[in-house]
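Encoded as structure tokens, the structure appears first; notes follow it.
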Amino acid sequence: MMAKRKGEKGPLLVLAALAVLLAAQVKPAVSAGGYTIDIQTKVRDIVKANRAVSPGFIRLVFHDCWVKGCDASVLLNNGDGTAEMDAVQNGGIRGLDVIQAIKDKLAVNYTDVTCADAVVYAAREACYVLSGEKIKYDVDGPGSHKDAVASSKADAAALPSPFASFSDLVANFKLKGFTARDVVVLSGAHAVGLAHRPAFEARLTAPAAEIDPAYRNDVNVTSNASPSKTAHNNVRDLGKAEAEPGVLDNNYYAANLAKKVLFGSDFALTTDGAAMTNMTAYKNNAATWYPLFEDAMARLSRLPPLGTTGGPRAKCNTPN
């Protein structure tokens, strides 16, 4: 055997050192706040498998986080009609079983994951899937969003009304640290989803100056024929099956500028000059809207809980 020269490292020692160096360089791919690629993939697969209800996850995160912070209080069922989910503002919320499935799937490897985390993650991946992979934003990792221990129907009054004026919307958003521009930006989520007739009934008798007459008639016929009395938010999806989720893009702004939107609060955006300027910009260039929407959704997803929270709820509809 050839003797080692003084100071020469043996081949096993060299290989071990190389392995340590590579291990230090190769880190798990993560986005900000510990929302790892593994978590993202698990959630995204579930959202894709439930694409028909995925617009509901975007609505759900708003209805949860806007009330008393991201705490999954909207998922709690008191069993006596007094919970947040029982409020008229939360009529038609859907996909709650999918939120539980996401929480259960993640809890196998991430014991700190909460129901509130699952709501935030479902919305994040719904935006990604429905936008054709164009919308993505940072969210915080498991355990970052704490679960509420109680839920009150009265708290849902914090949600903006579908009948609100633009000034009322701005005032409501200001309470949460959001701006008048954010009102316009987040309204773009109405490119997807379903609306229930009571929320837009008044629009069906609005004058032609406020709603396109042919569109108004189509909405009336479609929602009347629907067993659940619903219609697609987006005019381009009006004749499609209710299970067809649509596409999350800047089409909402074209529809609104053409007076083809469901809610009075949507039409209200056309009553403000700055909002009209912004809508025109977003209609003309989706690349202007996407990053603004991403930023607003990221901030929405980090609204802190205002009420009492506890540990992760085993069942998302029941306090521990």
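Following the order of the structure tokens, first chain is A, next is B, and so on, with residues numbered from 1 inside each chain and ligands from 1 in the order they appear.
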Kindly provide the residues of stretch 129-167 of chain A that approach stretch 191-195 of chain A to within 12 Å, each paired with its closest atom pair and their distance in Å to one decimal, based on only C-alpha atoms, listed by chain and increasing number, as a tab-separated table.
```
residue	atom	partner	partner_atom	distance
A:Val129	CA	A:Val192	CA	12.0
A:Leu130	CA	A:Val192	CA	8.4
A:Ser131	CA	A:Val192	CA	9.9
A:Pro162	CA	A:Ala195	CA	10.2
```
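Non-sequential neighbours of A:Tyr110 (distance at most 10 Å, separation of 3 or more positions within a chain, only C-alpha atoms) are Ile39, Lys103, Asp104, Lys105, Leu106, Ala107, Val113, Thr114, Gly141, Pro142 and Gly143 of chain A.
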Practice task
Kindly indicate which residue among A:Arg236, A:Val261, A:Lys48, A:Ile211 lies nearest to A:Tyr128, using only C-alpha atoms for the distances.
Solution key: A:Lys48
Problem - Residue nearest A:Ala287 among A:Leu159, A:Ala72, A:Ala214, A:Ile135 (counting only C-alpha atoms) - result: A:Ile135
Handout entry: stretch 87-101 of chain A surroundings by only C-alpha atoms, 8 Å radius, close-in-sequence under 6 positions cut, as an MDAnalysis selection string
Key = chainID A and resid 46 50 53:54 56:57 59:60 63 75 115 118:119 122 153:154 156:157 159 161 196 315:316
Exercise for the section: Apply DSSP to the structure's backbone, then extract all residues of stretch 23-240 of chain A labelled alpha helix (DSSP H) and return them as JSON, numbers by chain. Expected result: {"A": [23, 24, 25, 37, 38, 39, 40, 41, 42, 43, 44, 45, 46, 47, 48, 49, 54, 55, 56, 57, 58, 59, 60, 61, 62, 63, 64, 65, 66, 67, 68, 96, 97, 98, 99, 100, 101, 102, 103, 104, 105, 106, 107, 115, 116, 117, 118, 119, 120, 121, 122, 123, 124, 125, 126, 127, 128, 129, 130, 166, 167, 168, 169, 170, 171, 172, 173, 174, 180, 181, 182, 183, 184, 185, 186, 187, 197, 198, 199, 200, 213, 214, 215, 216, 217, 218, 219, 220, 221, 222, 223, 224, 225]}
Problem - DSSP-assigned strand (DSSP E) among stretch 144-319 of chain A, expressed as a list in words - result: Asp147, Ala148, Leu194, Ala195, His196, Thr230, Ala231, His232, Thr309 and Gly310 of chain A
Exercise for the section: Give me the residues within 12 Å of A:Asp168 as a PyMOL selection string, counting only C-alpha atoms and dropping any in the same chain fewer than 4 places off. Expected result: chain A and resi 158-164+172-175+180+183+264-265+268-269
